[in-house]
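The structure under discussion appears below in the form of structure tokens.
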Amino acid sequence: MDLFFYFLLLQLSSIAAIAFFTENKKASATAHLLLVVGLITGFITTLSALASPDFILKNIKMFGIANNLFRFDALGLYFLCIIQLVAIPTTIYSYSYLKHYNEKGKSVRSYLVFYAVLLVSTQLVVIANHTILFLICWEVMSTSAYLGMIFEKEKKDVYTGAFYYLIISHVVVFLLYIFFFLLRQQTNSWFFSDFHLSPDAGELFIVLYALSLIAFGMKAGFMPFHFWLPRAHPIAPTVFSAFLSGIIIKTGIYGILRTFQFLKPTPEWLGWFVLVISLISAIYGVWYALAQHDIKRLLAYHSVENIGIIGIGIGIGFIGSAYHSVPIQVLGFGGALLHTLNHAIFKSLLFIGSGVIYQNLGTRNIELMGGLVHYGKYFVALFLIGSIAISGVPPFNGFISEFIIYNGFFTTANELKNYYPLLMLISAVGLAFVGGLAVACFTKINSIMFLGKERKEVKHFNISFYEYLSLGIFALLCVVIGFYPQPFIVIVNKVLADGFVPAASSFNLLSINWYLLSSIFLSVIVGIIIIFLWKRRIQRKYGRRISTAWGCGYEGLNPKMQYTASSYADELNEISKSVLVYHKKINEQKDIFPIKESFESHSDDLVDKKILLPVFKSFSGFIARIKFLSYTDIRYYIAFILIIITIYSLIAFIWS
Amino acid sequence: MELVAALQGIISLVLILGLSPLFIGLVNKQKAIFTGRTGAPILQPYYELKKLIKKETINAESSSFISIIAPLINLIAVIVAAAMLPISFARPLISFEGDIILFAYMLGLARFFQVLAAMDIGSSFEGMGAAREATFAVFAEPIFFFTIGSIAFISGFTSIYDIYHSIRLDNLSFVVFIIVCSISVFILAVTECSRMPVDDPNTHLELTMIHEVMILDNSGIDLSLYQYSSYIKLFIYVILEASFFYPFAVQSYTLGIIIFVVVIIILSSALATVETITSRFKMKNIPHYLLFATAIGILNLLIYTFTK
């Protein structure tokens with residue numbers, strides 16, 4: 001793994017390339033090339049380390065010097081693998097994305113620097129072993145993501161959305177400081193590898209878990225800390241929103257799983273707590289997604305849903321840990337780990353797809369799209385693969401991880417008996433409900449955006465080679481994990497054996513009959529091809545023609561008559577009106593004289609509207625009251641600082 | 001033994017695929033008799049499928065590749081789901097731990113493409129049908145899990161075959177539980193297959209339809225494939241219902257077949273009766289109806305859990 005650091009250095013060298021070339025275009029090309037090469041080589045080293053039989057590396061050498069600042073255990077390597085795997089196509093897309101800005105003459109240097117720093121720091125976060133190093137990398141990661149986010153700062157909403165993210169990042173770091181310092185105090189070590197605490201620690205154990213779950217949960221976007229996601233994603237450059245949703249929120253999941261390795265076994269109620277919160281996140285996220293018109297906001301809510309699904313897996317794992325049951329832990333944590341990978345893949349695909357659409361049409365509002373399939377059918381096919389995968393519908397990768405989680409429900413019910421079958425059934429129904437809503441949501445966006453006729457004139461719809469390449473890699477991964485999950489299952493199994501369950505346990509994820517599942521999926525494809533050929537023969541014999549759609553005998557159907565996204569989702573939104581804060585404004589003719597009729601619908605976030613904004617409002621009310629202390633002259637502030645320091649020193653003096 | 005089991009599985013699948021149009025014919029014939037008509041022959045659905053194949057296919061102007069592949073995916077997904085169902089005591093062709101999940105999600109795949117194909121036309125008729133289908137499916141999904149899923153969680157089996165064959169008749173509260181479950185499954189079948197009182201398969205008013213309006217602009221072989229998949233889908237739910245009665249067959253294959261045939265005929269009459277005497281609900285009441293079925297499922301489960 002010594003090599004890995006050289007590849008990291010290669011990635012960092014892209015920043016030097018930016019400084020070296022004065023021409024924007026050349027700088028961008030070189031930087032991206034260096035990043036991609038560094039990532040690919042890094043990915044190969046990581047994967048080979050993870051795949052080798054004795055992958056636990058005791059003595060890490062960094063540029064030839066042994067140290068224990070870093071640790072390459074299976075969990076860290078697994079997340080490193082995900083980061084690099086997703087970053088490669090994202091970087092490829094980034095090149096084509098920046099071309100648009102280069103053509104417009106906007107400087108992309110700052111963007112490139114922040115992107116490179118973000119990539120490197122995120123990779124370091126998951127392998128850091130020293131607490132201080134971890135916190136530094138974490139902070140660099142958060143800050144560089146923020147700085148990248150405000151790339152298009154001339155736009156109005158950008159600062160507000162990014163500010164939400166910045167606040168949440170700082171709260172997270174603040175909580176993490178307390179969390180790690182408490183751990184340090186207990187174990188007398190700065191190193192992750194020494195952090196071990198059992199529930200005997202009493203209240204401290206619970207406090208630590210509470211800190212970790214709140215901090216990492218905020219980063220991951222669990223309910224009710226999800227509010228920054230739908231604000232930050234739409235305004236960020238596509239590459240950053242893809243990376244944010246694909247990777248950065250997963251560092252929260254990484255943190256929770258790490259915490260589990262530090263503090264186990266977990267009490268049972270904690271498992272239930274995580275499970276319930278996750279179920280609420282999943283249902284809430286997907287239901288809100290259904291009411292959105294902004295494609296990126298919609299996808300952001302889907303991140304909340306998927307984080308919820310990952311959390312369900314973790315919750316089951318916690319319950320299994322409480323009962324020391326290996327199968328439950330394997331299925332729970334295994335499902336969560338695999339879904340982390342899967343979500344990183346298909347969510348990046350969808351975000352990049354939405355970015356491509358935005359670049360071409362200049363809008364994120366799906367009500368203004370439509371008929372794009374006639375302009376780029378391969379693009380639509382790729383986006384469709386991602387949509388099917390994220391809905392958890394077979395035969396793609398989303399189904400595989402959800403299948404493991406469902407198996408987790410069944411196994412928990414079987415192993416623990418008592419009242420567990422009932423509770424697990426309710427959880428399973430919740431997950432099935434989420435699946436149904438996700439299908440409704442993704443049929444909505446695919447059909448409104450791509451199918452039918454264009455609602456607004458499409459001036460151009462060009463997709464570059466790099467965009468196709470990047471989307472193609474993601475789609476291919478979705479298909480491969482769906483049809484042939486075995487190698488990925490083997491890797492997840494390895495991660496589980498290192499730090500989650502005893503290595504020599506008889507039950508593992510390979511106990512599920514994956515070959516049967518693969519062969520079923522394969523026969524589905526074969527069946528479709530056979531019927532397709534047969535259908536073509538029949539059609540050649542009896543004819544096929546194109547004609548106008550049935551319009552009840554009326555001529556001249558126009559694109560405005562098509563079903564809209566609002567009308568498609570209206571029935572479901574009406575049902576959940578009170579929770580969704582969904583409201584419609586209809587201006588219709590009541591008198592005998594015709595007026596200009598209009599209709600609009602909005603959905604506000606409940607947490608945002610009812611909890612967050614009132615709190616902030618009262619807080620700013622308080623601030624306004626102490627405003628008299630605010631001066632324009634800096635000397636007053638220096639005086640304040642002096643006074644405060646004096647007070648502190650006095651307290652410290654008296655205390656000792 | 002392996003070969004015999006596989007053969008039995010294949011025979012089961014062929015039976016399901018072959019008999020599904022017959023079931024519709026049976027229902028339609030009885031409906032006609034109840035309303036005092038002679039009605040079409042029982043084999044009419046077969047003739048119709050054959051007739052449609054020979055017709056010219058017409059695709060709408062705004063349609064895309066989705067319209068071409070959707071009928072195929074729809075049919076294959078439904079066939080795979082059908083391959084997981086037992087007929088009598090024969091192990092189905094596809095049977096493994098957790099196939100109940102694959103079953104539910106395969107039907108989800110079929111629905112995904114059915115809805116997409118409807119929206120592909122770009123007409124608001126299809127849009128209406130698609131929106132309704134997607135909405136009602138969201139509420140139908142929990143019913144499936146609260147009935148068949150709940151037996152799975154109680155018995156500890158996760159394969160549809162094992163779930164049904166774990167049903168024993170020696171425990172009274174379990175028998176009551178199963179009976180209520182079977183009623184919920186009937187409601188589920190009515191919803192998922194767009195029959196009365198949720199959807200009227202006979203009307204030709206676009207505003208009142210769900211399934212029929214989604215395939216309004218399809219013709220020729222496409223329509224034939226859609227119709228055939230909807231026949232199979234109805235038969236799948238009928239088998240889900242019929243399988244509740246296998247415990248009476250006391251492990252005998254022949255007796256199981258007899259029960260299968262008898263129950264199918266009884267169910268066709270039941271469906272015909274319901275469709276004759278009820279009228280279609282208002283569209284906005286359908287979610288209530290489905291939530292009612294879900295509530296029955298939950299209540300049933302709670303009662304069973306606390307009385308066993």
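Identifiers in the structure tokens: chain A, B, ... in order shown; residue index from 1 per chain; ligand index from 1 in order shown.
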Task: Proximal residues of chain A relative to chain B (only C-alpha atoms; 6 Å) as a list in words - done: Val393, Asn414, Pro421, Val429, Gly436, Leu437, Ala440, Ser447, Leu451, Gly452, Ile528, Tyr542, Gly543, Arg544, Arg545, Ile546, Ser547, Thr548, Ala549, Gln562, Tyr563 and Tyr568 of chain A
If you run DSSP on the backbone here, which positions in range 11-147 of chain B get strand (DSSP E)? Please write them as a PDB file with C-alpha atoms, in the first residue's frame.
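Once written, result_27.pdb looks like this:
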```pdb
ATOM      1  CA  THR B  57     -49.263  -2.711 -35.228  1.00  0.00           C
ATOM      2  CA  ILE B  58     -49.762   1.020 -34.913  1.00  0.00           C
ATOM      3  CA  ASN B  59     -47.435   3.100 -32.773  1.00  0.00           C
ATOM      4  CA  ALA B  60     -48.140   6.673 -31.795  1.00  0.00           C
TER       5      ALA B  60
END
```
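Around Pro199 in chain A, within 10 Å and counting only C-alpha atoms, the residues found are Glu203, Leu204, Phe205, Ile206, Leu263, Lys264, Pro265, Thr266 and Pro267 of chain A, once anything fewer than 4 positions away on its own chain is removed.
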Can I get the selection written as a tab-separated table (two decimals), in the first residue's frame, with C-alpha atoms?
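Listing of out-v3.tsv after writing:
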```tsv
chain	number	residue	atom	x	y	z
A	203	GLU	CA	-23.70	6.43	30.58
A	204	LEU	CA	-20.61	7.47	28.70
A	205	PHE	CA	-21.28	4.69	26.19
A	206	ILE	CA	-24.69	6.14	25.44
A	263	LEU	CA	-18.25	0.59	20.81
A	264	LYS	CA	-19.78	-2.84	20.72
A	265	PRO	CA	-21.93	-4.72	21.39
A	266	THR	CA	-24.71	-2.22	21.01
A	267	PRO	CA	-27.76	-2.31	23.25
```
Test item: residues at most 12 Å from Ile148 in chain B, only C-alpha atoms, excluding those fewer than 6 positions along its chain, as a compact mmCIF listing (two decimals) with C-alpha atoms, in the first residue's frame:
```txt
# COMPACT_ATOMS: atom_id res chain seq x y z
CA LEU A 425 -42.97 -7.59 9.23
CA VAL A 429 -43.91 -3.45 4.83
CA ILE B 100 -41.34 -13.95 -2.19
CA ILE B 101 -39.29 -10.74 -2.51
CA PHE B 103 -41.99 -12.26 -6.82
CA ALA B 104 -43.18 -8.88 -5.53
CA GLU B 141 -47.88 -3.30 -1.99
CA PRO B 142 -48.42 -3.30 1.81
CA ILE B 154 -44.94 -16.29 11.23
CA SER B 155 -43.86 -19.58 9.69
CA GLY B 156 -40.25 -18.59 9.16
CA PHE B 157 -40.25 -19.69 5.53
CA THR B 158 -39.38 -17.25 2.79
CA SER B 159 -40.21 -19.24 -0.31
CA ILE B 160 -43.77 -19.01 -1.63
CA TYR B 161 -44.01 -22.79 -1.92
CA ASP B 162 -42.90 -23.35 1.67
CA ILE B 163 -45.05 -20.52 2.94
CA TYR B 164 -48.20 -22.11 1.59
CA SER B 166 -46.55 -24.44 6.20
CA ILE B 167 -50.25 -23.70 6.67
CA PHE B 177 -56.03 -15.70 10.42
CA ILE B 178 -55.69 -17.52 7.11
CA ILE B 179 -59.32 -16.93 6.19
CA VAL B 180 -59.02 -13.19 6.74
CA CYS B 181 -55.75 -13.22 4.82
CA SER B 182 -57.47 -14.85 1.88
CA ILE B 183 -60.08 -12.08 1.86
CA SER B 184 -57.31 -9.47 1.75
CA VAL B 185 -55.65 -11.34 -1.10
CA PHE B 186 -58.93 -11.21 -3.00
CA LEU B 188 -55.44 -7.27 -3.68
CA TYR B 237 -53.45 -13.72 -8.00
CA LEU B 240 -52.24 -17.04 -4.66
CA GLU B 241 -55.82 -17.30 -3.43
CA SER B 243 -53.09 -22.02 -2.69
CA PHE B 244 -54.67 -21.27 0.69
CA GLY B 297 -54.46 -7.10 7.48
CA LEU B 301 -52.12 -9.91 12.42
```
Open item on the list: I'd like to know which of A:Leu176, A:Ala201, A:Ile586, A:Ile150 is closest to Ile235 in chain A, using only C-alpha atoms.
Closed with: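 Smallest separation from Ile235 in chain A among the options: A:Ile150.
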Open item on the list: Quick one: residues within 12 Å of Lys377 in chain A, only C-alpha atoms, excluding same-chain residues fewer than 2 positions away - as a list in words?
Closed with: Gly371, Leu372, Val373, His374, Tyr375, Phe379, Val380, Ala381, Leu382, Phe383, Leu384, Phe450, Leu451, Phe461, Asn462, Ile463 and Tyr468 of chain A; Ser63, Ser64, Phe65 and Ile66 of chain B
Written file, previous selection with C-alpha atoms, as an mmCIF file, in the first residue's frame:
```cif
data_model
loop_
_atom_site.group_PDB
_atom_site.id
_atom_site.type_symbol
_atom_site.label_atom_id
_atom_site.label_comp_id
_atom_site.auth_asym_id
_atom_site.auth_seq_id
_atom_site.Cartn_x
_atom_site.Cartn_y
_atom_site.Cartn_z
ATOM 1 C CA GLY A 371 -39.709 14.338 -25.420
ATOM 2 C CA LEU A 372 -35.975 14.184 -24.862
ATOM 3 C CA VAL A 373 -35.976 10.550 -25.929
ATOM 4 C CA HIS A 374 -36.269 11.721 -29.527
ATOM 5 C CA TYR A 375 -33.007 13.623 -29.163
ATOM 6 C CA PHE A 379 -28.786 8.823 -22.946
ATOM 7 C CA VAL A 380 -32.357 8.025 -21.898
ATOM 8 C CA ALA A 381 -31.563 4.319 -21.803
ATOM 9 C CA LEU A 382 -28.618 4.966 -19.463
ATOM 10 C CA PHE A 383 -30.680 7.219 -17.213
ATOM 11 C CA LEU A 384 -33.413 4.588 -17.203
ATOM 12 C CA PHE A 450 -38.026 12.027 -21.591
ATOM 13 C CA LEU A 451 -41.243 10.700 -23.048
ATOM 14 C CA PHE A 461 -29.343 18.348 -27.095
ATOM 15 C CA ASN A 462 -25.747 17.320 -27.518
ATOM 16 C CA ILE A 463 -24.047 14.751 -25.382
ATOM 17 C CA TYR A 468 -21.439 9.104 -22.491
ATOM 18 C CA SER B 63 -43.650 6.990 -28.949
ATOM 19 C CA SER B 64 -40.083 5.779 -28.581
ATOM 20 C CA PHE B 65 -38.153 2.588 -27.957
ATOM 21 C CA ILE B 66 -39.987 2.259 -24.638
#
```
TODO: Identify, with DSSP run on backbone atoms, the residues in range 379-484 of chain A assigned to helix (DSSP H, G or I), and express the list as JSON, numbers by chain.
DONE: {"A": [379, 380, 381, 382, 383, 384, 385, 386, 387, 388, 389, 390, 397, 398, 399, 400, 401, 402, 403, 404, 405, 406, 407, 408, 409, 410, 411, 412, 413, 414, 415, 416, 420, 421, 422, 423, 424, 425, 426, 427, 428, 429, 430, 431, 432, 433, 434, 435, 436, 437, 438, 439, 440, 441, 442, 443, 444, 445, 446, 447, 448, 449, 450, 465, 466, 467, 468, 469, 470, 471, 472, 473, 474, 475, 476, 477, 478, 479, 480, 481, 482, 483]}
Task: Phe227 in chain A surroundings by only C-alpha atoms, 10 Å radius, close-in-sequence under 2 positions cut, as a PyMOL selection string - done: chain A and resi 164-165+168+218+221-225+229-232+300-301+304+605-608+612
Please produce a file of those selected residues containing N, CA and C atoms, as a PDB file, in the first residue's frame.
```
ATOM      1  N   TYR A 164     -26.247  26.638   4.296  1.00  0.00           N
ATOM      2  CA  TYR A 164     -26.843  25.530   5.044  1.00  0.00           C
ATOM      3  C   TYR A 164     -25.821  24.415   5.242  1.00  0.00           C
ATOM      4  N   TYR A 165     -25.155  24.104   4.136  1.00  0.00           N
ATOM      5  CA  TYR A 165     -24.165  23.035   4.182  1.00  0.00           C
ATOM      6  C   TYR A 165     -23.020  23.390   5.124  1.00  0.00           C
ATOM      7  N   ILE A 168     -24.054  23.063   8.778  1.00  0.00           N
ATOM      8  CA  ILE A 168     -24.190  21.680   9.204  1.00  0.00           C
ATOM      9  C   ILE A 168     -22.801  21.065   9.355  1.00  0.00           C
ATOM     10  N   MET A 218     -26.019  13.672  10.768  1.00  0.00           N
ATOM     11  CA  MET A 218     -26.202  14.960  10.098  1.00  0.00           C
ATOM     12  C   MET A 218     -25.488  14.951   8.755  1.00  0.00           C
ATOM     13  N   GLY A 221     -27.386  12.741   6.425  1.00  0.00           N
ATOM     14  CA  GLY A 221     -28.678  13.269   6.004  1.00  0.00           C
ATOM     15  C   GLY A 221     -29.867  12.462   6.486  1.00  0.00           C
ATOM     16  N   PHE A 222     -29.759  11.875   7.680  1.00  0.00           N
ATOM     17  CA  PHE A 222     -30.913  11.197   8.250  1.00  0.00           C
ATOM     18  C   PHE A 222     -31.958  12.226   8.653  1.00  0.00           C
ATOM     19  N   MET A 223     -33.215  11.814   8.670  1.00  0.00           N
ATOM     20  CA  MET A 223     -34.266  12.631   9.254  1.00  0.00           C
ATOM     21  C   MET A 223     -33.912  12.839  10.723  1.00  0.00           C
ATOM     22  N   PRO A 224     -34.117  13.947  11.335  1.00  0.00           N
ATOM     23  CA  PRO A 224     -34.568  15.230  10.789  1.00  0.00           C
ATOM     24  C   PRO A 224     -33.415  16.161  10.416  1.00  0.00           C
ATOM     25  N   PHE A 225     -32.251  15.585  10.168  1.00  0.00           N
ATOM     26  CA  PHE A 225     -31.105  16.441   9.812  1.00  0.00           C
ATOM     27  C   PHE A 225     -30.867  16.457   8.309  1.00  0.00           C
ATOM     28  N   LEU A 229     -29.611  18.800   2.564  1.00  0.00           N
ATOM     29  CA  LEU A 229     -29.460  18.124   1.266  1.00  0.00           C
ATOM     30  C   LEU A 229     -30.256  18.790   0.147  1.00  0.00           C
ATOM     31  N   PRO A 230     -31.599  18.957   0.320  1.00  0.00           N
ATOM     32  CA  PRO A 230     -32.343  19.569  -0.792  1.00  0.00           C
ATOM     33  C   PRO A 230     -32.001  21.033  -1.023  1.00  0.00           C
ATOM     34  N   ARG A 231     -31.289  21.656  -0.093  1.00  0.00           N
ATOM     35  CA  ARG A 231     -30.875  23.049  -0.313  1.00  0.00           C
ATOM     36  C   ARG A 231     -29.545  23.106  -1.042  1.00  0.00           C
ATOM     37  N   ALA A 232     -28.631  22.236  -0.615  1.00  0.00           N
ATOM     38  CA  ALA A 232     -27.264  22.340  -1.126  1.00  0.00           C
ATOM     39  C   ALA A 232     -27.115  21.703  -2.505  1.00  0.00           C
ATOM     40  N   ALA A 300     -32.008  14.850  -4.470  1.00  0.00           N
ATOM     41  CA  ALA A 300     -31.485  15.053  -3.117  1.00  0.00           C
ATOM     42  C   ALA A 300     -32.388  14.355  -2.103  1.00  0.00           C
ATOM     43  N   TYR A 301     -33.698  14.467  -2.287  1.00  0.00           N
ATOM     44  CA  TYR A 301     -34.610  13.769  -1.382  1.00  0.00           C
ATOM     45  C   TYR A 301     -34.465  12.255  -1.517  1.00  0.00           C
ATOM     46  N   VAL A 304     -31.938  11.047   0.787  1.00  0.00           N
ATOM     47  CA  VAL A 304     -32.452  10.832   2.137  1.00  0.00           C
ATOM     48  C   VAL A 304     -33.078   9.445   2.227  1.00  0.00           C
ATOM     49  N   ASP A 605     -40.668  21.838   3.028  1.00  0.00           N
ATOM     50  CA  ASP A 605     -40.204  20.795   3.925  1.00  0.00           C
ATOM     51  C   ASP A 605     -40.745  21.050   5.327  1.00  0.00           C
ATOM     52  N   LEU A 606     -41.324  20.002   5.908  1.00  0.00           N
ATOM     53  CA  LEU A 606     -41.936  20.152   7.236  1.00  0.00           C
ATOM     54  C   LEU A 606     -40.905  20.594   8.266  1.00  0.00           C
ATOM     55  N   VAL A 607     -39.751  19.912   8.267  1.00  0.00           N
ATOM     56  CA  VAL A 607     -38.713  20.232   9.257  1.00  0.00           C
ATOM     57  C   VAL A 607     -38.216  21.654   9.055  1.00  0.00           C
ATOM     58  N   ASP A 608     -38.045  21.984   7.777  1.00  0.00           N
ATOM     59  CA  ASP A 608     -37.570  23.312   7.425  1.00  0.00           C
ATOM     60  C   ASP A 608     -38.534  24.379   7.909  1.00  0.00           C
ATOM     61  N   LEU A 612     -37.094  24.367  11.820  1.00  0.00           N
ATOM     62  CA  LEU A 612     -35.827  25.070  11.635  1.00  0.00           C
ATOM     63  C   LEU A 612     -35.994  26.579  11.544  1.00  0.00           C
TER      64      LEU A 612
END
```
Hey, what's within 12 Å of Glu48 in chain B if we count only C-alpha atoms and toss same-chain stuff fewer than 2 positions away? As a PDB file with C-alpha atoms, in the first residue's frame, please?
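Now in result_3.pdb:
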```pdb
ATOM      1  CA  PRO B  21     -56.940 -16.918 -20.858  1.00  0.00           C
ATOM      2  CA  LEU B  22     -59.401 -19.713 -20.067  1.00  0.00           C
ATOM      3  CA  ILE B  24     -60.969 -14.855 -18.140  1.00  0.00           C
ATOM      4  CA  GLY B  25     -63.245 -16.662 -20.586  1.00  0.00           C
ATOM      5  CA  ALA B  40     -69.002 -15.144 -25.949  1.00  0.00           C
ATOM      6  CA  PRO B  41     -67.637 -18.689 -25.921  1.00  0.00           C
ATOM      7  CA  ILE B  42     -65.325 -19.584 -23.042  1.00  0.00           C
ATOM      8  CA  LEU B  43     -62.377 -19.844 -25.429  1.00  0.00           C
ATOM      9  CA  GLN B  44     -62.937 -16.316 -26.733  1.00  0.00           C
ATOM     10  CA  PRO B  45     -59.798 -14.828 -25.069  1.00  0.00           C
ATOM     11  CA  TYR B  46     -57.632 -17.294 -27.035  1.00  0.00           C
ATOM     12  CA  LYS B  50     -54.703 -14.867 -31.992  1.00  0.00           C
ATOM     13  CA  LYS B  51     -56.719 -12.278 -33.870  1.00  0.00           C
ATOM     14  CA  LEU B  52     -54.693  -9.406 -32.442  1.00  0.00           C
ATOM     15  CA  ILE B  53     -51.415 -10.968 -33.529  1.00  0.00           C
ATOM     16  CA  LYS B  54     -52.576 -10.873 -37.114  1.00  0.00           C
ATOM     17  CA  LYS B  55     -53.487  -7.192 -36.944  1.00  0.00           C
ATOM     18  CA  GLY B 220     -51.671  -5.638 -32.992  1.00  0.00           C
ATOM     19  CA  ILE B 221     -49.095  -7.845 -31.357  1.00  0.00           C
ATOM     20  CA  LEU B 223     -51.853  -5.245 -27.490  1.00  0.00           C
ATOM     21  CA  SER B 224     -51.915  -9.010 -27.650  1.00  0.00           C
ATOM     22  CA  LEU B 225     -48.826  -9.226 -25.430  1.00  0.00           C
ATOM     23  CA  GLN B 227     -53.575  -8.574 -22.811  1.00  0.00           C
ATOM     24  CA  TYR B 228     -51.856 -11.894 -22.338  1.00  0.00           C
TER      25      TYR B 228
END
```
Open item on the list: With distances taken over only C-alpha atoms, which residue among A:Lys26, A:Ser325, A:Leu368, A:Val126 lies nearest Asn102 in chain A?
Closed with: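 For Asn102 in chain A, the nearest of the candidates is A:Lys26.
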Task: Nearest to Ser198 in chain A, chosen from A:Ile647, A:Val524, A:Ala322, A:Leu118, with only C-alpha atoms counted in the distances - done: A:Ala322
- [ ] Calculate how many Å separate CA of Val120 in chain A from CA of Tyr6 in chain A, rounding to one decimal.
- [x]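 These two atoms are separated by 11.9 Å.
In terms of minimum interatomic distance to Leu19 in chain B, B:Ile264 ranks closest within B:Phe281, B:Ser88, B:Tyr304, B:Ile264, counting only C-alpha atoms.
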